[in-house]
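Source file target07.cif; content: mmCIF, C-alpha atoms and all ligand atoms.
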data_start
loop_
_atom_site.group_PDB
_atom_site.id
_atom_site.type_symbol
_atom_site.label_atom_id
_atom_site.label_comp_id
_atom_site.auth_asym_id
_atom_site.auth_seq_id
_atom_site.Cartn_x
_atom_site.Cartn_y
_atom_site.Cartn_z
ATOM 1 C CA MET A 17 0.000 0.000 0.000
ATOM 2 C CA ALA A 18 1.128 3.551 -0.723
ATOM 3 C CA GLU A 19 2.061 5.760 2.165
ATOM 4 C CA PHE A 20 -0.840 8.044 3.111
ATOM 5 C CA VAL A 21 -0.315 11.755 3.638
ATOM 6 C CA LEU A 22 -2.649 14.387 5.022
ATOM 7 C CA TYR A 23 -4.883 15.876 2.321
ATOM 8 C CA ASP A 24 -4.305 19.613 2.002
ATOM 9 C CA TYR A 25 -8.018 20.460 2.041
ATOM 10 C CA HIS A 26 -9.119 24.073 2.335
ATOM 11 C CA SER A 27 -12.652 24.589 3.537
ATOM 12 C CA ILE A 28 -14.540 27.596 2.162
ATOM 13 C CA SER A 29 -17.794 29.200 3.268
ATOM 14 C CA GLU A 30 -21.079 28.488 1.493
ATOM 15 C CA GLN A 31 -21.026 32.045 0.214
ATOM 16 C CA GLU A 32 -17.617 31.462 -1.353
ATOM 17 C CA GLN A 33 -18.802 28.121 -2.736
ATOM 18 C CA ARG A 34 -21.644 29.938 -4.479
ATOM 19 C CA GLU A 35 -19.326 32.591 -5.858
ATOM 20 C CA ARG A 36 -16.763 30.137 -7.125
ATOM 21 C CA ALA A 37 -19.342 27.727 -8.551
ATOM 22 C CA THR A 38 -20.981 30.662 -10.354
ATOM 23 C CA ALA A 39 -17.688 31.949 -11.725
ATOM 24 C CA PHE A 40 -16.716 28.506 -13.025
ATOM 25 C CA TYR A 41 -20.136 27.954 -14.579
ATOM 26 C CA GLU A 42 -19.990 31.382 -16.247
ATOM 27 C CA LEU A 43 -16.567 30.500 -17.610
ATOM 28 C CA CYS A 44 -17.598 27.069 -18.919
ATOM 29 C CA ARG A 45 -20.912 28.247 -20.316
ATOM 30 C CA CYS A 46 -19.078 30.550 -22.733
ATOM 31 C CA ARG A 47 -16.909 27.799 -24.187
ATOM 32 C CA ARG A 48 -17.660 26.932 -27.780
ATOM 33 C CA THR A 49 -16.098 24.548 -30.221
ATOM 34 C CA VAL A 50 -14.494 26.523 -33.012
ATOM 35 C CA ARG A 51 -13.760 25.117 -36.467
ATOM 36 C CA GLU A 52 -11.872 28.022 -38.024
ATOM 37 C CA PHE A 53 -8.535 29.031 -36.552
ATOM 38 C CA SER A 54 -6.088 31.881 -36.942
ATOM 39 C CA ASP A 55 -2.472 30.856 -37.506
ATOM 40 C CA ARG A 56 -1.328 32.937 -34.518
ATOM 41 C CA PRO A 57 1.062 30.801 -32.496
ATOM 42 C CA VAL A 58 0.428 29.780 -28.889
ATOM 43 C CA ALA A 59 3.134 30.106 -26.216
ATOM 44 C CA GLN A 60 4.657 26.713 -25.473
ATOM 45 C CA GLU A 61 4.650 27.518 -21.754
ATOM 46 C CA VAL A 62 0.859 27.970 -21.843
ATOM 47 C CA LEU A 63 0.418 24.679 -23.712
ATOM 48 C CA GLU A 64 2.578 22.983 -21.119
ATOM 49 C CA LEU A 65 0.429 24.316 -18.264
ATOM 50 C CA ILE A 66 -2.734 23.191 -20.045
ATOM 51 C CA LEU A 67 -1.278 19.717 -20.524
ATOM 52 C CA LYS A 68 -0.111 19.558 -16.901
ATOM 53 C CA THR A 69 -3.704 20.363 -15.941
ATOM 54 C CA ALA A 70 -5.005 17.502 -18.099
ATOM 55 C CA GLY A 71 -2.512 15.267 -16.331
ATOM 56 C CA THR A 72 -4.165 16.005 -12.962
ATOM 57 C CA ALA A 73 -7.281 14.011 -13.957
ATOM 58 C CA PRO A 74 -8.254 10.967 -11.906
ATOM 59 C CA SER A 75 -7.602 7.582 -13.505
ATOM 60 C CA GLY A 76 -8.232 3.899 -12.875
ATOM 61 C CA ALA A 77 -5.689 2.661 -10.269
ATOM 62 C CA ASN A 78 -3.823 5.942 -10.879
ATOM 63 C CA LYS A 79 -2.342 4.470 -14.062
ATOM 64 C CA GLN A 80 -2.642 7.850 -15.847
ATOM 65 C CA PRO A 81 -3.122 6.003 -19.150
ATOM 66 C CA TRP A 82 -2.719 9.018 -21.438
ATOM 67 C CA ARG A 83 -0.129 10.447 -23.791
ATOM 68 C CA PHE A 84 -0.401 13.875 -25.379
ATOM 69 C CA VAL A 85 1.543 14.475 -28.573
ATOM 70 C CA VAL A 86 1.774 18.149 -29.513
ATOM 71 C CA VAL A 87 2.281 18.848 -33.204
ATOM 72 C CA THR A 88 3.412 22.294 -34.359
ATOM 73 C CA ASP A 89 5.608 21.291 -37.334
ATOM 74 C CA PRO A 90 3.801 22.483 -40.523
ATOM 75 C CA GLU A 91 5.053 19.442 -42.470
ATOM 76 C CA VAL A 92 3.581 17.017 -39.940
ATOM 77 C CA LYS A 93 0.338 19.010 -39.730
ATOM 78 C CA ARG A 94 0.077 18.779 -43.525
ATOM 79 C CA GLU A 95 0.575 15.019 -43.363
ATOM 80 C CA ILE A 96 -2.099 14.698 -40.664
ATOM 81 C CA ARG A 97 -4.533 16.836 -42.660
ATOM 82 C CA ALA A 98 -4.038 14.779 -45.821
ATOM 83 C CA ALA A 99 -4.614 11.514 -43.959
ATOM 84 C CA ALA A 100 -7.599 12.858 -41.987
ATOM 85 C CA GLU A 101 -9.262 14.241 -45.098
ATOM 86 C CA GLY A 102 -8.753 10.880 -46.810
ATOM 87 C CA VAL A 103 -10.634 8.930 -44.143
ATOM 88 C CA GLU A 104 -13.207 11.669 -43.560
ATOM 89 C CA ARG A 105 -14.046 11.966 -47.253
ATOM 90 C CA GLU A 106 -14.662 8.252 -47.391
ATOM 91 C CA ALA A 107 -16.806 8.493 -44.234
ATOM 92 C CA TYR A 108 -18.899 11.474 -45.364
ATOM 93 C CA GLU A 109 -19.350 10.193 -48.917
ATOM 94 C CA HIS A 110 -19.815 6.470 -48.312
ATOM 95 C CA ARG A 111 -19.907 5.299 -44.708
ATOM 96 C CA MET A 112 -22.023 7.643 -42.622
ATOM 97 C CA PRO A 113 -25.760 6.926 -42.759
ATOM 98 C CA GLN A 114 -28.107 9.729 -43.868
ATOM 99 C CA GLU A 115 -29.455 10.130 -40.325
ATOM 100 C CA TRP A 116 -25.944 10.939 -39.056
ATOM 101 C CA LEU A 117 -25.305 13.387 -41.911
ATOM 102 C CA ASP A 118 -28.647 15.068 -41.106
ATOM 103 C CA ASP A 119 -27.627 15.427 -37.447
ATOM 104 C CA LEU A 120 -24.358 17.073 -38.500
ATOM 105 C CA ALA A 121 -25.959 19.428 -41.029
ATOM 106 C CA VAL A 122 -26.621 21.980 -38.268
ATOM 107 C CA LEU A 123 -22.882 22.099 -37.500
ATOM 108 C CA GLY A 124 -21.903 22.552 -41.128
ATOM 109 C CA THR A 125 -19.089 19.990 -40.974
ATOM 110 C CA ASP A 126 -17.757 18.158 -44.011
ATOM 111 C CA TRP A 127 -14.611 16.240 -44.957
ATOM 112 C CA HIS A 128 -12.483 19.345 -45.470
ATOM 113 C CA LYS A 129 -10.224 19.794 -42.449
ATOM 114 C CA GLU A 130 -8.323 23.005 -43.101
ATOM 115 C CA PHE A 131 -8.021 23.635 -39.355
ATOM 116 C CA LEU A 132 -5.523 20.777 -39.140
ATOM 117 C CA GLU A 133 -3.024 22.985 -40.959
ATOM 118 C CA THR A 134 -4.121 26.430 -39.776
ATOM 119 C CA ALA A 135 -4.262 25.816 -36.029
ATOM 120 C CA PRO A 136 -0.828 26.460 -34.508
ATOM 121 C CA ALA A 137 -0.894 23.289 -32.411
ATOM 122 C CA LEU A 138 -2.593 19.921 -32.687
ATOM 123 C CA ILE A 139 -2.821 17.912 -29.491
ATOM 124 C CA VAL A 140 -3.162 14.234 -30.302
ATOM 125 C CA VAL A 141 -4.540 12.431 -27.265
ATOM 126 C CA PHE A 142 -3.569 8.765 -27.008
ATOM 127 C CA SER A 143 -4.883 6.077 -24.670
ATOM 128 C CA ILE A 144 -2.249 3.787 -23.226
ATOM 129 C CA LEU A 145 -3.951 0.396 -23.124
ATOM 130 C CA TYR A 146 -1.186 -1.457 -21.278
ATOM 131 C CA THR A 147 2.453 -1.110 -20.318
ATOM 132 C CA GLN A 148 5.194 -3.658 -20.646
ATOM 133 C CA ASP A 149 7.529 -4.145 -17.747
ATOM 134 C CA GLY A 150 10.222 -6.625 -18.669
ATOM 135 C CA GLY A 151 8.357 -9.315 -20.571
ATOM 136 C CA ARG A 152 5.170 -8.789 -18.552
ATOM 137 C CA ILE A 153 2.126 -6.994 -19.905
ATOM 138 C CA ARG A 154 0.359 -4.860 -17.291
ATOM 139 C CA LYS A 155 -2.992 -3.620 -18.429
ATOM 140 C CA ASN A 156 -4.503 -0.295 -17.530
ATOM 141 C CA TYR A 157 -8.022 0.012 -16.139
ATOM 142 C CA TYR A 158 -11.020 2.099 -17.209
ATOM 143 C CA VAL A 159 -8.910 3.607 -19.958
ATOM 144 C CA LYS A 160 -11.781 5.229 -21.900
ATOM 145 C CA GLU A 161 -13.208 6.779 -18.756
ATOM 146 C CA SER A 162 -9.792 8.008 -17.561
ATOM 147 C CA VAL A 163 -8.689 9.480 -20.879
ATOM 148 C CA GLY A 164 -12.162 10.960 -21.436
ATOM 149 C CA ILE A 165 -11.949 12.768 -18.094
ATOM 150 C CA ALA A 166 -8.404 13.987 -18.870
ATOM 151 C CA ALA A 167 -9.639 15.291 -22.229
ATOM 152 C CA GLY A 168 -12.399 17.169 -20.375
ATOM 153 C CA PHE A 169 -9.838 18.763 -18.075
ATOM 154 C CA LEU A 170 -7.778 19.608 -21.163
ATOM 155 C CA LEU A 171 -10.671 21.342 -22.937
ATOM 156 C CA ALA A 172 -11.573 23.301 -19.793
ATOM 157 C CA ALA A 173 -7.930 24.351 -19.320
ATOM 158 C CA ILE A 174 -7.675 25.462 -22.959
ATOM 159 C CA HIS A 175 -10.794 27.592 -22.571
ATOM 160 C CA ASN A 176 -9.626 28.977 -19.224
ATOM 161 C CA ALA A 177 -6.379 30.085 -20.894
ATOM 162 C CA GLY A 178 -8.323 32.146 -23.435
ATOM 163 C CA LEU A 179 -7.693 29.740 -26.297
ATOM 164 C CA VAL A 180 -10.104 27.737 -28.439
ATOM 165 C CA ALA A 181 -10.207 24.096 -29.457
ATOM 166 C CA LEU A 182 -12.024 21.606 -31.596
ATOM 167 C CA THR A 183 -12.707 18.051 -30.460
ATOM 168 C CA HIS A 184 -11.994 16.333 -33.743
ATOM 169 C CA THR A 185 -12.708 12.639 -34.242
ATOM 170 C CA PRO A 186 -11.414 11.495 -37.612
ATOM 171 C CA SER A 187 -12.603 7.988 -38.222
ATOM 172 C CA PRO A 188 -10.803 5.625 -38.316
ATOM 173 C CA MET A 189 -7.901 7.300 -36.499
ATOM 174 C CA ASP A 190 -5.161 4.670 -36.677
ATOM 175 C CA PHE A 191 -3.212 6.849 -39.161
ATOM 176 C CA LEU A 192 -2.276 8.997 -36.140
ATOM 177 C CA GLN A 193 -0.527 6.087 -34.462
ATOM 178 C CA LYS A 194 1.587 5.652 -37.605
ATOM 179 C CA ILE A 195 2.338 9.315 -38.298
ATOM 180 C CA MET A 196 3.180 9.980 -34.641
ATOM 181 C CA GLN A 197 5.181 6.746 -34.505
ATOM 182 C CA ARG A 198 3.545 5.598 -31.310
ATOM 183 C CA PRO A 199 3.886 1.995 -30.148
ATOM 184 C CA GLU A 200 1.207 -0.685 -30.416
ATOM 185 C CA ASN A 201 -0.082 -0.094 -26.854
ATOM 186 C CA GLU A 202 -0.969 3.558 -27.598
ATOM 187 C CA LYS A 203 -4.205 4.187 -29.478
ATOM 188 C CA PRO A 204 -5.373 7.584 -30.713
ATOM 189 C CA PHE A 205 -8.394 8.878 -28.802
ATOM 190 C CA LEU A 206 -8.972 12.482 -29.927
ATOM 191 C CA LEU A 207 -7.329 15.066 -32.148
ATOM 192 C CA ILE A 208 -7.589 18.540 -30.623
ATOM 193 C CA PRO A 209 -6.463 21.575 -32.640
ATOM 194 C CA VAL A 210 -5.731 24.478 -30.272
ATOM 195 C CA GLY A 211 -5.176 28.151 -30.924
ATOM 196 C CA TYR A 212 -7.011 31.394 -31.529
ATOM 197 C CA PRO A 213 -10.216 31.717 -33.506
ATOM 198 C CA LYS A 214 -10.128 33.191 -36.994
ATOM 199 C CA GLU A 215 -11.196 36.825 -36.758
ATOM 200 C CA GLY A 216 -14.973 37.169 -36.834
ATOM 201 C CA VAL A 217 -15.515 33.428 -36.518
ATOM 202 C CA LYS A 218 -19.132 32.289 -36.264
ATOM 203 C CA VAL A 219 -20.437 29.301 -34.348
ATOM 204 C CA PRO A 220 -23.752 27.509 -34.827
ATOM 205 C CA ASP A 221 -26.651 28.921 -32.810
ATOM 206 C CA ILE A 222 -27.209 25.798 -30.766
ATOM 207 C CA HIS A 223 -28.162 25.548 -27.114
ATOM 208 C CA ARG A 224 -27.418 23.486 -24.072
ATOM 209 C CA LYS A 225 -30.068 21.382 -22.416
ATOM 210 C CA SER A 226 -31.630 22.928 -19.321
ATOM 211 C CA ILE A 227 -30.823 21.627 -15.858
ATOM 212 C CA GLN A 228 -34.311 20.073 -15.742
ATOM 213 C CA GLU A 229 -33.521 18.068 -18.843
ATOM 214 C CA ILE A 230 -30.187 16.774 -17.627
ATOM 215 C CA VAL A 231 -30.657 16.263 -13.880
ATOM 216 C CA LEU A 232 -32.978 14.150 -11.784
ATOM 217 C CA TRP A 233 -33.044 14.757 -8.037
ATOM 218 C CA LYS A 234 -34.071 11.711 -6.044
HETATM 219 N N1 LIG A 301 -15.724 12.688 -37.555
HETATM 220 C C1 LIG A 301 -16.348 13.615 -38.456
HETATM 221 C C2 LIG A 301 -17.829 13.679 -38.271
HETATM 222 C C3 LIG A 301 -18.345 14.311 -37.047
HETATM 223 C C4 LIG A 301 -19.067 13.530 -36.152
HETATM 224 C C5 LIG A 301 -19.645 14.085 -35.062
HETATM 225 I I1 LIG A 301 -20.784 12.908 -33.852
HETATM 226 C C6 LIG A 301 -19.507 15.477 -34.815
HETATM 227 O O1 LIG A 301 -20.089 16.041 -33.689
HETATM 228 C C7 LIG A 301 -18.803 16.263 -35.705
HETATM 229 C C8 LIG A 301 -18.223 15.667 -36.810
HETATM 230 C C9 LIG A 301 -15.709 14.996 -38.393
HETATM 231 O O2 LIG A 301 -14.892 15.233 -37.510
HETATM 232 O O3 LIG A 301 -16.029 15.828 -39.239
#

Once more with this new file: its structure as structure tokens, please.
Amino acid sequence: MAEFVLYDYHSISEQEQRERATAFYELCRCRRTVREFSDRPVAQEVLELILKTAGTAPSGANKQPWRFVVVTDPEVKREIRAAAEGVEREAYEHRMPQEWLDDLAVLGTDWHKEFLETAPALIVVFSILYTQDGGRIRKNYYVKESVGIAAGFLLAAIHNAGLVALTHTPSPMDFLQKIMQRPENEKPFLLIPVGYPKEGVKVPDIHRKSIQEIVLWK
């Protein structure tokens, strides 16, 4: 068993709870996914802090089964765009059922993925399915849940830092494992372009469900 240390817990008043919960809600409520980026670069130090924040997420048995690969090299971004557009074109034109295409119509997405070259940084999030220590394979637990939570922390940290992101899910994504030269135990989970929005960018006029729709009190 690990050694246990005293948790550095700071109690706050209910008034302060309300204020902080409100401030965080107000911050999160203004986050939007953006699909058009400016090419303005992002400070590496800020990216590092955002990624450190993602790395504070809880994980199954504290295995921290995530890897973040940050791509800023224009050549590599071009390669990723070409591969992503290849699979996405196939998906949009042949694989996705009409119902799915109808659901996406409101977002205005298609197989063109210009943002993969324009955004100054692409964060490729990988799940680490298992590790190998000596000859022994040690599997990680609740990998999807853990990496999903870390990605949530990542998106919140990006927004908090005054940057924008897009949660991109090219399908299938195995080309990322090859281009990024990651080993067999690391599988791509999400591709997140990060940066500044293109000037005057517009986002779809869509709305979040109300608290009544998403919460049941028992
Ligand atoms: N993977 C495609 C399609 C796509 C699917 C969903 I669900 C979205 O919310 C948005 C897009 C793409 O990235 O364009």

When the PyMOL selection byres (((chain A and resi 120-135) around 7) and not hetatm) is applied to the structure above, which residues does it catch, written out as a ChimeraX atom specification?
/A:51-55,90,93-94,97,101,104-105,108,116-119,136-138,209-211,220

In Å to one decimal, how far is atom CA of Gln80 of chain A from atom CA of Asp149 of chain A?
15.8 Å

Can you list, as JSON, numbers by chain, the residues that the PyMOL selection byres (((chain A and resi 139-145) around 10) and not hetatm) selects here?
{"A": [63, 67, 79, 80, 81, 82, 83, 84, 85, 86, 87, 88, 137, 138, 146, 147, 154, 155, 156, 157, 158, 159, 160, 162, 163, 164, 166, 167, 170, 181, 183, 184, 192, 193, 196, 198, 199, 200, 201, 202, 203, 204, 205, 206, 207, 208, 209, 210]}

Convert the current residue selection to file output with C-alpha atoms, as a PDB file, in the frame of the given file.
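Everything below was put into part21.pdb:
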ATOM      1  CA  LEU A  63       0.418  24.679 -23.712  1.00  0.00           C
ATOM      2  CA  LEU A  67      -1.278  19.717 -20.524  1.00  0.00           C
ATOM      3  CA  LYS A  79      -2.342   4.470 -14.062  1.00  0.00           C
ATOM      4  CA  GLN A  80      -2.642   7.850 -15.847  1.00  0.00           C
ATOM      5  CA  PRO A  81      -3.122   6.003 -19.150  1.00  0.00           C
ATOM      6  CA  TRP A  82      -2.719   9.018 -21.438  1.00  0.00           C
ATOM      7  CA  ARG A  83      -0.129  10.447 -23.791  1.00  0.00           C
ATOM      8  CA  PHE A  84      -0.401  13.875 -25.379  1.00  0.00           C
ATOM      9  CA  VAL A  85       1.543  14.475 -28.573  1.00  0.00           C
ATOM     10  CA  VAL A  86       1.774  18.149 -29.513  1.00  0.00           C
ATOM     11  CA  VAL A  87       2.281  18.848 -33.204  1.00  0.00           C
ATOM     12  CA  THR A  88       3.412  22.294 -34.359  1.00  0.00           C
ATOM     13  CA  ALA A 137      -0.894  23.289 -32.411  1.00  0.00           C
ATOM     14  CA  LEU A 138      -2.593  19.921 -32.687  1.00  0.00           C
ATOM     15  CA  TYR A 146      -1.186  -1.457 -21.278  1.00  0.00           C
ATOM     16  CA  THR A 147       2.453  -1.110 -20.318  1.00  0.00           C
ATOM     17  CA  ARG A 154       0.359  -4.860 -17.291  1.00  0.00           C
ATOM     18  CA  LYS A 155      -2.992  -3.620 -18.429  1.00  0.00           C
ATOM     19  CA  ASN A 156      -4.503  -0.295 -17.530  1.00  0.00           C
ATOM     20  CA  TYR A 157      -8.022   0.012 -16.139  1.00  0.00           C
ATOM     21  CA  TYR A 158     -11.020   2.099 -17.209  1.00  0.00           C
ATOM     22  CA  VAL A 159      -8.910   3.607 -19.958  1.00  0.00           C
ATOM     23  CA  LYS A 160     -11.781   5.229 -21.900  1.00  0.00           C
ATOM     24  CA  SER A 162      -9.792   8.008 -17.561  1.00  0.00           C
ATOM     25  CA  VAL A 163      -8.689   9.480 -20.879  1.00  0.00           C
ATOM     26  CA  GLY A 164     -12.162  10.960 -21.436  1.00  0.00           C
ATOM     27  CA  ALA A 166      -8.404  13.987 -18.870  1.00  0.00           C
ATOM     28  CA  ALA A 167      -9.639  15.291 -22.229  1.00  0.00           C
ATOM     29  CA  LEU A 170      -7.778  19.608 -21.163  1.00  0.00           C
ATOM     30  CA  ALA A 181     -10.207  24.096 -29.457  1.00  0.00           C
ATOM     31  CA  THR A 183     -12.707  18.051 -30.460  1.00  0.00           C
ATOM     32  CA  HIS A 184     -11.994  16.333 -33.743  1.00  0.00           C
ATOM     33  CA  LEU A 192      -2.276   8.997 -36.140  1.00  0.00           C
ATOM     34  CA  GLN A 193      -0.527   6.087 -34.462  1.00  0.00           C
ATOM     35  CA  MET A 196       3.180   9.980 -34.641  1.00  0.00           C
ATOM     36  CA  ARG A 198       3.545   5.598 -31.310  1.00  0.00           C
ATOM     37  CA  PRO A 199       3.886   1.995 -30.148  1.00  0.00           C
ATOM     38  CA  GLU A 200       1.207  -0.685 -30.416  1.00  0.00           C
ATOM     39  CA  ASN A 201      -0.082  -0.094 -26.854  1.00  0.00           C
ATOM     40  CA  GLU A 202      -0.969   3.558 -27.598  1.00  0.00           C
ATOM     41  CA  LYS A 203      -4.205   4.187 -29.478  1.00  0.00           C
ATOM     42  CA  PRO A 204      -5.373   7.584 -30.713  1.00  0.00           C
ATOM     43  CA  PHE A 205      -8.394   8.878 -28.802  1.00  0.00           C
ATOM     44  CA  LEU A 206      -8.972  12.482 -29.927  1.00  0.00           C
ATOM     45  CA  LEU A 207      -7.329  15.066 -32.148  1.00  0.00           C
ATOM     46  CA  ILE A 208      -7.589  18.540 -30.623  1.00  0.00           C
ATOM     47  CA  PRO A 209      -6.463  21.575 -32.640  1.00  0.00           C
ATOM     48  CA  VAL A 210      -5.731  24.478 -30.272  1.00  0.00           C
TER      49      VAL A 210
END

Can you work out which one of A:Ala107, A:Val217, A:Ala177, A:Ile230 has the shortest atom-to-atom distance to Met189 of chain A, counting all atoms listed in the file?
A:Ala107

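Across A:Gly216, A:Pro186, A:Gly151, A:Pro74, the tightest approach to ligand LIG 301 (chain A) is made by A:Pro186 when counting all atoms listed in the file.
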
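Minimum atom-to-atom distance to ligand LIG 301 (chain A), evaluated using all atoms listed in the file, belongs to A:Glu115 out of A:Glu64, A:Glu115, A:Glu42, A:Glu32.
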
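Proximity ranking of A:Val92, A:Ile28, A:Val21, A:Met112 relative to ligand LIG 301 (chain A) places A:Met112 first, based on only C-alpha atoms and all ligand atoms.
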
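Ranking A:Gly178, A:Gly150, A:Pro113, A:Pro213 by their shortest atom-to-atom distance to ligand LIG 301 (chain A), with all atoms listed in the file included, puts A:Pro113 first.
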
How would you write, as number ranges by chain, the residues chosen by the PyMOL selection byres (((chain A and resi 46) around 12) and not hetatm) on this structure?
A: 39-45, 47-50, 172, 175-176, 178-180, 219, 223-224

I need the residue nearest Thr185 of chain A from this list: A:Val103, A:Glu215, A:Ala98, A:Leu232. Use all atoms listed in the file for the distance.
A:Val103

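Pairwise distance (atom CA of Ala73 of chain A, atom CA of Met17 of chain A) equals 21.1 Å.
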
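Relative to atom CA of Ala99 of chain A, atom CA of Ile195 of chain A is found at 9.2 Å.
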
Around segment 62-80 of chain A, with edges along x, y and z and 4 Å added on all six sides, what centre and edge lengths do you get, in Å to one decimal, as AutoDock Vina command-line options?
--center_x -2.8 --center_y 15.3 --center_z -17.0 --size_x 18.8 --size_y 33.3 --size_z 21.4

Working from the structure I just supplied, which lacks atoms in segment 77-90 of chain A, can you model N, CA, C and O atoms there and output them as an mmCIF file, in the coordinates of the input?
data_model
loop_
_atom_site.group_PDB
_atom_site.id
_atom_site.type_symbol
_atom_site.label_atom_id
_atom_site.label_comp_id
_atom_site.auth_asym_id
_atom_site.auth_seq_id
_atom_site.Cartn_x
_atom_site.Cartn_y
_atom_site.Cartn_z
ATOM 1 N N ALA A 77 -6.889 3.114 -10.988
ATOM 2 C CA ALA A 77 -5.689 2.661 -10.269
ATOM 3 C C ALA A 77 -4.511 3.627 -10.468
ATOM 4 O O ALA A 77 -3.351 3.220 -10.424
ATOM 5 N N ASN A 78 -4.839 4.889 -10.678
ATOM 6 C CA ASN A 78 -3.823 5.942 -10.879
ATOM 7 C C ASN A 78 -2.816 5.576 -11.966
ATOM 8 O O ASN A 78 -1.637 5.925 -11.883
ATOM 9 N N LYS A 79 -3.275 4.884 -13.004
ATOM 10 C CA LYS A 79 -2.342 4.470 -14.062
ATOM 11 C C LYS A 79 -2.033 5.621 -15.019
ATOM 12 O O LYS A 79 -1.117 5.515 -15.835
ATOM 13 N N GLN A 80 -2.867 6.683 -14.987
ATOM 14 C CA GLN A 80 -2.642 7.850 -15.847
ATOM 15 C C GLN A 80 -2.373 7.403 -17.294
ATOM 16 O O GLN A 80 -1.310 7.683 -17.862
ATOM 17 N N PRO A 81 -3.358 6.692 -17.876
ATOM 18 C CA PRO A 81 -3.122 6.003 -19.150
ATOM 19 C C PRO A 81 -3.283 6.917 -20.367
ATOM 20 O O PRO A 81 -4.018 6.585 -21.292
ATOM 21 N N TRP A 82 -2.602 8.064 -20.343
ATOM 22 C CA TRP A 82 -2.719 9.018 -21.438
ATOM 23 C C TRP A 82 -1.359 9.464 -21.920
ATOM 24 O O TRP A 82 -0.369 9.446 -21.202
ATOM 25 N N ARG A 83 -1.334 9.839 -23.196
ATOM 26 C CA ARG A 83 -0.129 10.447 -23.791
ATOM 27 C C ARG A 83 -0.638 11.576 -24.667
ATOM 28 O O ARG A 83 -1.606 11.404 -25.421
ATOM 29 N N PHE A 84 -0.014 12.728 -24.561
ATOM 30 C CA PHE A 84 -0.401 13.875 -25.379
ATOM 31 C C PHE A 84 0.756 14.199 -26.316
ATOM 32 O O PHE A 84 1.854 14.474 -25.856
ATOM 33 N N VAL A 85 0.499 14.131 -27.610
ATOM 34 C CA VAL A 85 1.543 14.475 -28.573
ATOM 35 C C VAL A 85 1.168 15.828 -29.187
ATOM 36 O O VAL A 85 0.074 15.982 -29.739
ATOM 37 N N VAL A 86 2.060 16.797 -29.038
ATOM 38 C CA VAL A 86 1.774 18.149 -29.513
ATOM 39 C C VAL A 86 2.493 18.366 -30.843
ATOM 40 O O VAL A 86 3.712 18.249 -30.925
ATOM 41 N N VAL A 87 1.716 18.669 -31.872
ATOM 42 C CA VAL A 87 2.281 18.848 -33.204
ATOM 43 C C VAL A 87 2.215 20.316 -33.599
ATOM 44 O O VAL A 87 1.127 20.899 -33.649
ATOM 45 N N THR A 88 3.386 20.909 -33.868
ATOM 46 C CA THR A 88 3.412 22.294 -34.359
ATOM 47 C C THR A 88 4.143 22.381 -35.700
ATOM 48 O O THR A 88 4.064 23.397 -36.387
ATOM 49 N N ASP A 89 4.845 21.325 -36.081
ATOM 50 C CA ASP A 89 5.608 21.291 -37.334
ATOM 51 C C ASP A 89 4.641 21.318 -38.531
ATOM 52 O O ASP A 89 3.817 20.410 -38.687
ATOM 53 N N PRO A 90 4.738 22.358 -39.391
ATOM 54 C CA PRO A 90 3.801 22.483 -40.523
ATOM 55 C C PRO A 90 3.796 21.261 -41.443
ATOM 56 O O PRO A 90 2.739 20.884 -41.960
#
